[in-house]
Each structure stands twice: as C-alpha cells, then as structure tokens.
$ cat query-v1.cif   # mmCIF, C-alpha atoms
data_input
#
loop_
_atom_site.group_PDB
_atom_site.id
_atom_site.type_symbol
_atom_site.label_atom_id
_atom_site.label_comp_id
_atom_site.auth_asym_id
_atom_site.auth_seq_id
_atom_site.Cartn_x
_atom_site.Cartn_y
_atom_site.Cartn_z
ATOM 1 C CA MET A 963 10.600 -17.663 18.408
ATOM 2 C CA LEU A 964 9.174 -16.360 15.142
ATOM 3 C CA ARG A 965 11.037 -15.811 11.907
ATOM 4 C CA ILE A 966 10.850 -12.134 11.024
ATOM 5 C CA TYR A 967 12.023 -10.120 8.040
ATOM 6 C CA THR A 968 12.131 -6.489 6.993
ATOM 7 C CA VAL A 969 11.408 -6.068 3.300
ATOM 8 C CA ASP A 970 11.683 -2.831 1.337
ATOM 9 C CA ALA A 971 8.715 -3.152 -1.016
ATOM 10 C CA PHE A 972 8.339 -1.302 -4.320
ATOM 11 C CA ALA A 973 12.096 -0.729 -4.252
ATOM 12 C CA SER A 974 15.001 -1.957 -6.356
ATOM 13 C CA VAL A 975 17.649 -1.065 -3.761
ATOM 14 C CA ALA A 976 17.682 -1.069 0.022
ATOM 15 C CA PHE A 977 16.333 1.878 2.016
ATOM 16 C CA GLU A 978 13.865 2.981 -0.642
ATOM 17 C CA GLY A 979 10.233 2.010 -1.154
ATOM 18 C CA ASN A 980 8.112 1.043 1.838
ATOM 19 C CA PRO A 981 9.550 -1.184 4.587
ATOM 20 C CA ALA A 982 7.262 -3.967 5.793
ATOM 21 C CA GLY A 983 7.750 -6.316 8.685
ATOM 22 C CA VAL A 984 6.945 -9.942 7.805
ATOM 23 C CA CYS A 985 6.380 -12.575 10.514
ATOM 24 C CA ILE A 986 6.128 -16.307 9.752
ATOM 25 C CA ILE A 987 3.811 -18.036 12.239
ATOM 26 C CA ASP A 988 3.808 -21.846 12.279
ATOM 27 C CA ASN A 989 0.381 -23.237 13.126
ATOM 28 C CA GLU A 990 1.764 -25.195 16.071
ATOM 29 C CA LYS A 991 2.741 -21.856 17.629
ATOM 30 C CA LEU A 992 -0.799 -20.533 17.412
ATOM 31 C CA PRO A 993 -2.940 -19.160 18.922
ATOM 32 C CA PHE A 994 -1.535 -15.684 18.581
ATOM 33 C CA ASP A 995 -4.552 -13.597 19.501
ATOM 34 C CA ASP A 996 -5.187 -10.160 18.025
ATOM 35 C CA THR A 997 -3.750 -8.445 21.083
ATOM 36 C CA LYS A 998 -0.436 -10.282 20.676
ATOM 37 C CA LEU A 999 -0.302 -9.532 16.939
ATOM 38 C CA GLN A 1000 -0.973 -5.857 17.612
ATOM 39 C CA LYS A 1001 1.761 -5.725 20.248
ATOM 40 C CA ILE A 1002 4.230 -7.287 17.808
ATOM 41 C CA ALA A 1003 3.303 -4.753 15.115
ATOM 42 C CA SER A 1004 3.691 -1.911 17.602
ATOM 43 C CA GLU A 1005 7.115 -3.256 18.590
ATOM 44 C CA VAL A 1006 8.234 -3.600 14.957
ATOM 45 C CA ASN A 1007 6.887 -0.049 14.428
ATOM 46 C CA LEU A 1008 6.797 -0.025 10.627
ATOM 47 C CA SER A 1009 3.811 1.233 8.662
ATOM 48 C CA GLU A 1010 2.594 -2.372 8.401
ATOM 49 C CA THR A 1011 3.649 -5.756 9.700
ATOM 50 C CA ALA A 1012 2.383 -8.786 7.775
ATOM 51 C CA PHE A 1013 1.642 -12.087 9.515
ATOM 52 C CA ILE A 1014 1.712 -15.268 7.417
ATOM 53 C CA SER A 1015 0.313 -18.587 8.667
ATOM 54 C CA GLN A 1016 -0.618 -21.907 7.091
ATOM 55 C CA VAL A 1017 -4.156 -22.538 5.868
ATOM 56 C CA THR A 1018 -4.086 -26.123 7.203
ATOM 57 C CA ASP A 1019 -2.085 -27.937 9.863
ATOM 58 C CA GLY A 1020 1.100 -29.414 8.475
ATOM 59 C CA GLY A 1021 1.296 -26.919 5.627
ATOM 60 C CA ASP A 1022 4.809 -26.152 4.483
ATOM 61 C CA PHE A 1023 6.010 -22.592 3.878
ATOM 62 C CA LYS A 1024 8.599 -23.833 1.390
ATOM 63 C CA VAL A 1025 6.426 -26.018 -0.865
ATOM 64 C CA GLY A 1026 2.910 -24.710 -0.184
ATOM 65 C CA ASP A 1027 1.219 -22.051 -2.280
ATOM 66 C CA GLU A 1028 -1.747 -21.058 -0.081
ATOM 67 C CA PHE A 1029 -1.528 -19.082 3.152
ATOM 68 C CA ASN A 1030 -3.407 -16.812 5.525
ATOM 69 C CA LEU A 1031 -2.251 -13.197 5.637
ATOM 70 C CA ARG A 1032 -3.064 -10.311 7.970
ATOM 71 C CA TRP A 1033 -1.629 -6.794 8.242
ATOM 72 C CA PHE A 1034 -1.291 -4.527 11.284
ATOM 73 C CA THR A 1035 -0.079 -0.940 11.557
ATOM 74 C CA PRO A 1036 1.439 0.126 14.908
ATOM 75 C CA THR A 1037 -2.109 0.970 16.055
ATOM 76 C CA ASN A 1038 -4.656 -1.240 14.249
ATOM 77 C CA GLU A 1039 -5.399 -3.987 11.743
ATOM 78 C CA VAL A 1040 -6.026 -2.927 8.123
ATOM 79 C CA PRO A 1041 -8.225 -4.648 5.504
ATOM 80 C CA LEU A 1042 -5.814 -4.275 2.574
ATOM 81 C CA CYS A 1043 -2.086 -3.631 2.276
ATOM 82 C CA GLY A 1044 -0.127 -3.735 -0.961
ATOM 83 C CA HIS A 1045 3.436 -3.346 0.283
ATOM 84 C CA GLY A 1046 2.779 -5.806 3.127
ATOM 85 C CA THR A 1047 1.575 -8.381 0.596
ATOM 86 C CA LEU A 1048 4.560 -7.736 -1.663
ATOM 87 C CA GLY A 1049 6.825 -8.095 1.370
ATOM 88 C CA ALA A 1050 5.146 -11.345 2.416
ATOM 89 C CA ALA A 1051 5.564 -12.832 -1.062
ATOM 90 C CA ALA A 1052 9.186 -11.681 -1.229
ATOM 91 C CA ALA A 1053 9.981 -13.293 2.146
ATOM 92 C CA LEU A 1054 8.481 -16.592 0.994
ATOM 93 C CA PHE A 1055 10.119 -16.493 -2.439
ATOM 94 C CA TYR A 1056 13.551 -15.103 -1.557
ATOM 95 C CA CYS A 1057 14.142 -16.148 2.080
ATOM 96 C CA ILE A 1058 12.094 -19.298 2.696
ATOM 97 C CA GLY A 1059 12.870 -20.582 -0.806
ATOM 98 C CA ASN A 1060 9.295 -21.214 -1.903
ATOM 99 C CA ASN A 1061 9.460 -22.410 -5.515
ATOM 100 C CA SER A 1062 5.811 -21.800 -6.448
ATOM 101 C CA SER A 1063 5.207 -19.590 -9.452
ATOM 102 C CA SER A 1064 2.370 -17.868 -7.599
ATOM 103 C CA LEU A 1065 1.026 -17.657 -4.064
ATOM 104 C CA LYS A 1066 -2.541 -17.393 -2.834
ATOM 105 C CA PHE A 1067 -3.248 -15.333 0.288
ATOM 106 C CA HIS A 1068 -6.534 -15.436 2.224
ATOM 107 C CA THR A 1069 -7.147 -11.959 3.689
ATOM 108 C CA LEU A 1070 -9.832 -9.578 4.948
ATOM 109 C CA SER A 1071 -10.098 -8.382 1.319
ATOM 110 C CA GLY A 1072 -10.691 -11.863 -0.050
ATOM 111 C CA THR A 1073 -8.189 -13.985 -1.925
ATOM 112 C CA LEU A 1074 -5.147 -12.125 -3.234
ATOM 113 C CA LEU A 1075 -2.528 -13.564 -5.590
ATOM 114 C CA ALA A 1076 1.169 -12.778 -5.865
ATOM 115 C CA ARG A 1077 3.170 -14.167 -8.782
ATOM 116 C CA ARG A 1078 6.735 -13.983 -9.995
ATOM 117 C CA CYS A 1079 7.385 -11.993 -13.166
ATOM 118 C CA ASN A 1080 11.081 -11.724 -14.009
ATOM 119 C CA ASP A 1081 12.630 -9.653 -11.209
ATOM 120 C CA GLU A 1082 9.286 -8.230 -10.060
ATOM 121 C CA ILE A 1083 6.325 -9.538 -8.077
ATOM 122 C CA VAL A 1084 2.829 -8.919 -9.441
ATOM 123 C CA LEU A 1085 -0.060 -8.528 -7.000
ATOM 124 C CA ASP A 1086 -3.625 -9.373 -8.069
ATOM 125 C CA PHE A 1087 -5.831 -6.951 -6.081
ATOM 126 C CA PRO A 1088 -9.449 -5.740 -6.123
ATOM 127 C CA LEU A 1089 -10.249 -2.331 -7.595
ATOM 128 C CA ASN A 1090 -11.484 0.363 -5.205
ATOM 129 C CA GLU A 1091 -12.796 2.914 -7.651
ATOM 130 C CA PRO A 1092 -13.369 6.401 -6.212
ATOM 131 C CA THR A 1093 -16.578 8.333 -6.783
ATOM 132 C CA PRO A 1094 -17.530 12.029 -6.627
ATOM 133 C CA MET A 1095 -18.350 13.466 -3.227
ATOM 134 C CA THR A 1096 -21.978 13.458 -2.082
ATOM 135 C CA GLU A 1097 -23.715 15.953 0.190
ATOM 136 C CA ASP A 1098 -23.283 13.518 3.087
ATOM 137 C CA ASP A 1099 -19.511 13.656 2.613
ATOM 138 C CA LYS A 1100 -19.056 17.431 2.341
ATOM 139 C CA ASP A 1101 -17.702 17.579 5.873
ATOM 140 C CA LEU A 1102 -14.546 15.897 4.590
ATOM 141 C CA MET A 1103 -13.778 18.989 2.510
ATOM 142 C CA SER A 1104 -12.463 20.598 5.704
ATOM 143 C CA LEU A 1105 -9.440 18.284 5.364
ATOM 144 C CA VAL A 1106 -8.364 19.540 1.953
ATOM 145 C CA GLN A 1107 -6.726 22.864 2.786
ATOM 146 C CA PRO A 1108 -4.767 21.532 5.812
ATOM 147 C CA VAL A 1109 -3.222 18.925 3.484
ATOM 148 C CA VAL A 1110 -2.533 20.867 0.273
ATOM 149 C CA GLY A 1111 -2.340 24.456 1.533
ATOM 150 C CA ASP A 1112 -2.619 27.011 -1.276
ATOM 151 C CA LEU A 1113 -2.112 24.525 -4.128
ATOM 152 C CA SER A 1114 -4.910 24.536 -6.696
ATOM 153 C CA VAL A 1115 -7.294 21.561 -6.427
ATOM 154 C CA HIS A 1116 -8.842 20.020 -9.545
ATOM 155 C CA GLU A 1117 -11.321 17.699 -7.789
ATOM 156 C CA VAL A 1118 -11.913 15.557 -4.713
ATOM 157 C CA GLN A 1119 -13.278 12.011 -4.738
ATOM 158 C CA LEU A 1120 -13.885 9.295 -2.171
ATOM 159 C CA SER A 1121 -13.285 5.549 -2.030
ATOM 160 C CA GLY A 1122 -15.129 4.752 1.142
ATOM 161 C CA SER A 1123 -16.148 1.108 0.971
ATOM 162 C CA THR A 1124 -13.093 -0.938 1.964
ATOM 163 C CA VAL A 1125 -9.980 1.223 1.983
ATOM 164 C CA LYS A 1126 -11.635 4.487 3.124
ATOM 165 C CA LYS A 1127 -9.424 6.900 1.215
ATOM 166 C CA LEU A 1128 -10.022 10.509 0.241
ATOM 167 C CA LEU A 1129 -8.471 11.356 -3.132
ATOM 168 C CA ILE A 1130 -7.407 14.940 -3.792
ATOM 169 C CA ARG A 1131 -6.324 15.626 -7.359
ATOM 170 C CA LEU A 1132 -4.297 18.777 -7.796
ATOM 171 C CA ASN A 1133 -4.374 21.042 -10.836
ATOM 172 C CA ASP A 1134 -2.189 19.823 -13.705
ATOM 173 C CA LYS A 1135 0.013 22.878 -13.350
ATOM 174 C CA VAL A 1136 1.150 21.701 -9.918
ATOM 175 C CA THR A 1137 4.667 20.267 -10.171
ATOM 176 C CA ARG A 1138 6.336 17.249 -8.640
ATOM 177 C CA SER A 1139 8.367 19.626 -6.493
ATOM 178 C CA ASP A 1140 5.167 21.225 -5.168
ATOM 179 C CA LEU A 1141 3.786 17.798 -4.283
ATOM 180 C CA GLU A 1142 6.977 16.762 -2.518
ATOM 181 C CA LYS A 1143 6.958 19.907 -0.355
ATOM 182 C CA LEU A 1144 3.609 19.116 1.280
ATOM 183 C CA SER A 1145 3.888 18.626 5.035
ATOM 184 C CA PRO A 1146 0.457 18.363 6.679
ATOM 185 C CA ASP A 1147 0.233 18.227 10.464
ATOM 186 C CA PRO A 1148 -1.170 14.799 11.445
ATOM 187 C CA ARG A 1149 -2.480 16.185 14.744
ATOM 188 C CA GLU A 1150 -4.550 18.774 12.914
ATOM 189 C CA LEU A 1151 -6.020 16.131 10.603
ATOM 190 C CA LEU A 1152 -6.928 13.930 13.566
ATOM 191 C CA SER A 1153 -8.637 16.896 15.231
ATOM 192 C CA LEU A 1154 -10.745 17.550 12.105
ATOM 193 C CA HIS A 1155 -12.004 14.006 11.493
ATOM 194 C CA ASP A 1156 -12.481 10.932 13.679
ATOM 195 C CA GLY A 1157 -11.572 8.336 11.041
ATOM 196 C CA SER A 1158 -15.115 7.033 10.632
ATOM 197 C CA LYS A 1159 -15.349 7.831 6.899
ATOM 198 C CA ILE A 1160 -11.716 7.844 5.807
ATOM 199 C CA LYS A 1161 -8.451 6.408 7.086
ATOM 200 C CA SER A 1162 -6.027 8.133 4.725
ATOM 201 C CA ILE A 1163 -5.731 10.970 2.230
ATOM 202 C CA ILE A 1164 -4.200 10.504 -1.221
ATOM 203 C CA VAL A 1165 -2.862 13.604 -2.960
ATOM 204 C CA THR A 1166 -2.226 13.090 -6.668
ATOM 205 C CA VAL A 1167 -1.258 15.024 -9.776
ATOM 206 C CA ALA A 1168 -0.667 14.156 -13.428
ATOM 207 C CA GLY A 1169 2.846 12.995 -14.222
ATOM 208 C CA ASN A 1170 3.392 15.775 -16.760
ATOM 209 C CA GLU A 1171 7.101 15.583 -17.653
ATOM 210 C CA ALA A 1172 8.265 13.711 -14.530
ATOM 211 C CA THR A 1173 10.463 10.696 -15.330
ATOM 212 C CA ASP A 1174 12.373 7.917 -13.596
ATOM 213 C CA ASP A 1175 16.136 7.367 -13.768
ATOM 214 C CA THR A 1176 15.824 5.793 -17.221
ATOM 215 C CA ARG A 1177 13.796 8.771 -18.524
ATOM 216 C CA GLU A 1178 10.552 6.770 -18.662
ATOM 217 C CA LYS A 1179 7.624 9.093 -17.984
ATOM 218 C CA TYR A 1180 5.271 8.662 -15.065
ATOM 219 C CA ASP A 1181 1.538 8.780 -15.787
ATOM 220 C CA PHE A 1182 0.763 10.161 -12.337
ATOM 221 C CA LEU A 1183 2.381 11.025 -9.011
ATOM 222 C CA SER A 1184 0.999 10.734 -5.493
ATOM 223 C CA ARG A 1185 1.534 10.874 -1.742
ATOM 224 C CA ASN A 1186 -0.511 9.186 0.978
ATOM 225 C CA PHE A 1187 -1.127 10.506 4.514
ATOM 226 C CA ALA A 1188 -2.683 8.100 7.035
ATOM 227 C CA PRO A 1189 -2.651 9.480 10.597
ATOM 228 C CA TRP A 1190 -5.881 7.553 11.341
ATOM 229 C CA HIS A 1191 -3.794 4.391 10.974
ATOM 230 C CA GLY A 1192 -1.023 5.830 13.139
ATOM 231 C CA ILE A 1193 1.068 6.602 10.034
ATOM 232 C CA PRO A 1194 1.711 10.311 9.328
ATOM 233 C CA GLU A 1195 2.824 9.386 5.794
ATOM 234 C CA ASP A 1196 2.950 5.957 4.170
ATOM 235 C CA PRO A 1197 6.013 5.846 1.886
ATOM 236 C CA VAL A 1198 4.602 3.678 -0.951
ATOM 237 C CA THR A 1199 1.028 2.410 -0.759
ATOM 238 C CA GLY A 1200 -0.305 -0.458 -2.846
ATOM 239 C CA SER A 1201 -3.876 -0.054 -1.577
ATOM 240 C CA ALA A 1202 -3.838 3.611 -2.642
ATOM 241 C CA HIS A 1203 -3.088 2.480 -6.186
ATOM 242 C CA THR A 1204 -6.234 0.331 -6.223
ATOM 243 C CA VAL A 1205 -7.950 3.746 -6.020
ATOM 244 C CA LEU A 1206 -5.538 5.739 -8.171
ATOM 245 C CA GLY A 1207 -5.449 3.111 -10.912
ATOM 246 C CA PRO A 1208 -9.123 3.290 -11.927
ATOM 247 C CA TYR A 1209 -9.181 7.065 -11.419
ATOM 248 C CA TRP A 1210 -6.258 7.814 -13.740
ATOM 249 C CA SER A 1211 -7.218 5.063 -16.184
ATOM 250 C CA GLU A 1212 -10.503 6.845 -16.821
ATOM 251 C CA LYS A 1213 -8.838 10.276 -17.043
ATOM 252 C CA LEU A 1214 -5.992 9.202 -19.339
ATOM 253 C CA GLY A 1215 -7.837 6.575 -21.379
ATOM 254 C CA LYS A 1216 -5.299 3.811 -20.783
ATOM 255 C CA LYS A 1217 -5.244 0.606 -18.754
ATOM 256 C CA GLU A 1218 -1.510 0.301 -18.138
ATOM 257 C CA LEU A 1219 -0.012 3.044 -15.996
ATOM 258 C CA TYR A 1220 3.350 3.844 -14.483
ATOM 259 C CA ALA A 1221 3.310 5.717 -11.180
ATOM 260 C CA ARG A 1222 5.613 7.276 -8.626
ATOM 261 C CA GLN A 1223 4.746 7.779 -4.965
ATOM 262 C CA CYS A 1224 6.766 10.831 -3.992
ATOM 263 C CA SER A 1225 7.503 10.325 -0.319
ATOM 264 C CA LYS A 1226 11.037 10.909 0.973
ATOM 265 C CA ARG A 1227 11.837 7.210 0.370
ATOM 266 C CA GLY A 1228 9.761 7.017 -2.807
ATOM 267 C CA GLY A 1229 8.826 4.075 -4.987
ATOM 268 C CA ASN A 1230 7.617 3.084 -8.455
ATOM 269 C CA ILE A 1231 4.523 1.002 -9.179
ATOM 270 C CA ARG A 1232 3.194 -0.387 -12.444
ATOM 271 C CA VAL A 1233 -0.590 -0.554 -12.510
ATOM 272 C CA LYS A 1234 -2.566 -2.673 -14.984
ATOM 273 C CA LEU A 1235 -6.361 -2.595 -14.948
ATOM 274 C CA ARG A 1236 -8.071 -5.814 -15.955
ATOM 275 C CA ASP A 1237 -11.545 -6.525 -17.314
ATOM 276 C CA ASP A 1238 -12.641 -8.451 -14.191
ATOM 277 C CA SER A 1239 -12.682 -5.480 -11.769
ATOM 278 C CA ARG A 1240 -9.203 -6.394 -10.609
ATOM 279 C CA VAL A 1241 -5.862 -4.630 -10.877
ATOM 280 C CA ASP A 1242 -2.289 -5.905 -11.167
ATOM 281 C CA LEU A 1243 0.277 -3.974 -9.123
ATOM 282 C CA SER A 1244 3.894 -4.734 -9.991
ATOM 283 C CA GLY A 1245 7.065 -3.867 -8.153
ATOM 284 C CA LYS A 1246 10.404 -5.061 -6.864
ATOM 285 C CA ALA A 1247 11.371 -5.911 -3.291
ATOM 286 C CA VAL A 1248 14.623 -6.060 -1.332
ATOM 287 C CA ILE A 1249 15.184 -8.086 1.854
ATOM 288 C CA VAL A 1250 17.116 -5.856 4.266
ATOM 289 C CA MET A 1251 16.876 -7.751 7.560
ATOM 290 C CA GLU A 1252 16.092 -11.233 8.843
ATOM 291 C CA GLY A 1253 16.094 -12.636 12.322
ATOM 292 C CA SER A 1254 14.089 -14.114 15.177
ATOM 293 C CA LEU A 1255 11.432 -12.537 17.347
ATOM 294 C CA ARG A 1256 11.423 -13.832 20.926
ATOM 295 C CA VAL A 1257 7.775 -13.920 22.007
#
$ encode --input "query-v1.cif" --output "structure tokens"
Amino acid sequence: MLRIYTVDAFASVAFEGNPAGVCIIDNEKLPFDDTKLQKIASEVNLSETAFISQVTDGGDFKVGDEFNLRWFTPTNEVPLCGHGTLGAAAALFYCIGNNSSSLKFHTLSGTLLARRCNDEIVLDFPLNEPTPMTEDDKDLMSLVQPVVGDLSVHEVQLSGSTVKKLLIRLNDKVTRSDLEKLSPDPRELLSLHDGSKIKSIIVTVAGNEATDDTREKYDFLSRNFAPWHGIPEDPVTGSAHTVLGPYWSEKLGKKELYARQCSKRGGNIRVKLRDDSRVDLSGKAVIVMEGSLRV
C-alpha cells in the first residue's frame, strides 16, 4: 500500500485552489514503472498526481530534505508542475511531520526547492520567459479566437522550450468578469493543434481594479486551458506563472507581483522574480484527504 494525500494547493481553505494527488513511494516498494505511475494518476484523476521517492536507499521522509519528484496528469507525465510541488511539500511538512526548513526535489526541470515561510510555502522555480511569435509559429494563431471569442487581444507570445505554453494577453479594457466567462471547447482545440508546439493556453489580463477579500489589488489575472494534457482547464497553475511572472514584470516594471487565477475554484499566487533567472512562487495549501492506495 502507498500513502496518498489530496492537497488543495494555492488555497487557504478546502475546496479552493488546485487539488493535487500526492503519493509517497518507499524505495523498497520500487520499481514502479512509468506505466504503473500513469495508471495511478489516471485512477486518482486530478489535474496532476505527484510521486515522491527517496534519493537514496534508507532515506527517511520525516528527517530527510532531498527527494525525487515526478508529476503525471491523467494522460501523461509533465516536466514542471507548481501545484503538484506545493502539494508534495505540504504533505511532507504537514502530514509526514518533516521538520526541515526547506526541501530539495530532483525533477525533470532540475532541482526545485520548497521552503516554509510563515503559513505559506515558497517554491524556487526556473523562469520560462515568453517571446514574440515567429513566422514558424503563426499556425498557432488559429487557436486564439476559439479560446477568447470576440474579446480584444493585445498580443500573443510563446514559451515553447520546457512548458510549451501559448500566452494570450487580452486588452486592458477586458474585465475579470469577461475572463471568467470564457468557455473554450477542448475538442475544438485538440482538432486545431496536435500538441507538438504547445500543451496549454494561458489567457491573461491586467489586474486593473480587481482585488482579493482584503482589498489588496491583483497585478494580473489569468486562466489556463490544457486539453493536450487531458485537462480542459487547470484551476491554479504554478508552471503558468513561471511564464506570466517575467511577462508582467517587464510590462509593469516590478519584480514582486500578486496574481489571481480565475478558474471556478480560483487561487492566489505571489510571484517574485530573482536576479538568477529564477522565480519564487508562494502560496498556501490545505490537506483535504489522506489514506492508503492498494496497488
């Protein structure tokens, strides 16, 4: 049996943010081949399931601070996942009782850090800065109208190296309500592109006067649609903010940003750009389920 948790990441209360499955795999229970991991993720059926294992034999989940980490959607493995990493750290900190001040995860995107900071967890992630579209990428423009409909588009950029995300920025006059009403058909998007260049589409707009419950203003708002990962809409996406962070930092002239992902569940993320081509993503997490997986 495997220990398994459901963690609502980038949420301060249950049933908000983005739920992640987190599985703890003791080395003596390996090998779990990729097929088995994918079947587990499909069974859990959340946007991502994170799998944590020890770096060395005999490592201890309670006292260790270095682990392997992988993420699977219901259909495939992904190279970077923010809410899955936040969920993994939360499970180790809050459920396993790991007392380390920070954790080091070895992943397909290199070494990622997660550290405690008051009642939040801060993720140390690589930047995935978007760039203007080239002539070779113009075919992706056919995806814009099916996603945003008649809303006015300011510009379209691409982050195609690791995360493969298309960024659509809407005109500043577009409201939060307009953004929240978007409802693209995932089947149409899949028919228009095979997923070779992009795996998800970020739609973003300036925060304007949008605020959280304490009246603090958001710098920008977004949604993220990922049918090529088997996810019609990802509720709150850390990897998307490795793209959004550098984009809005350049546009707004600031390195610390406060963002809202406006899915039905919704979640808040604090984004801090660093001088080493890295970004800190901060958020809260709530454990909503724990149990055993019989495999």
$ closest_residue --input "query-v1.cif" --among "A:Arg1256, A:Arg1131, A:Lys1161, A:Arg1185" --to "A:Arg1227" --atoms "all atoms listed in the file"
A:Arg1185
$ residues_around --input "query-v1.cif" --residues "A:Lys1024" --least-positions-apart "3" --cutoff "10 Å" --atoms "all atoms listed in the file" --output "number ranges by chain"
A: 1021, 1027, 1054-1055, 1057-1062
$ residues_around --input "query-v1.cif" --residues "A:His1155" --least-positions-apart "4" --cutoff "12 Å" --atoms "only C-alpha atoms" --output "list in words"
Asp1099, Asp1101, Leu1102, Met1103, Ser1104, Leu1105, Val1106, Pro1108, Leu1128, Pro1148, Arg1149, Glu1150, Leu1151, Lys1159, Ile1160, Lys1161, Ser1162, Ile1163, Ala1188, Pro1189 and Trp1190 of chain A
$ closest_residue --input "query-v1.cif" --among "A:Leu1152, A:Ile1231, A:Val1165, A:Leu1042" --to "A:Leu1070" --atoms "all atoms listed in the file"
A:Leu1042
$ residues_around --input "query-v1.cif" --residues "A:Met1095" --least-positions-apart "3" --cutoff "7 Å" --atoms "all atoms listed in the file" --output "PyMOL selection string"
chain A and resi 1099-1100+1118-1120
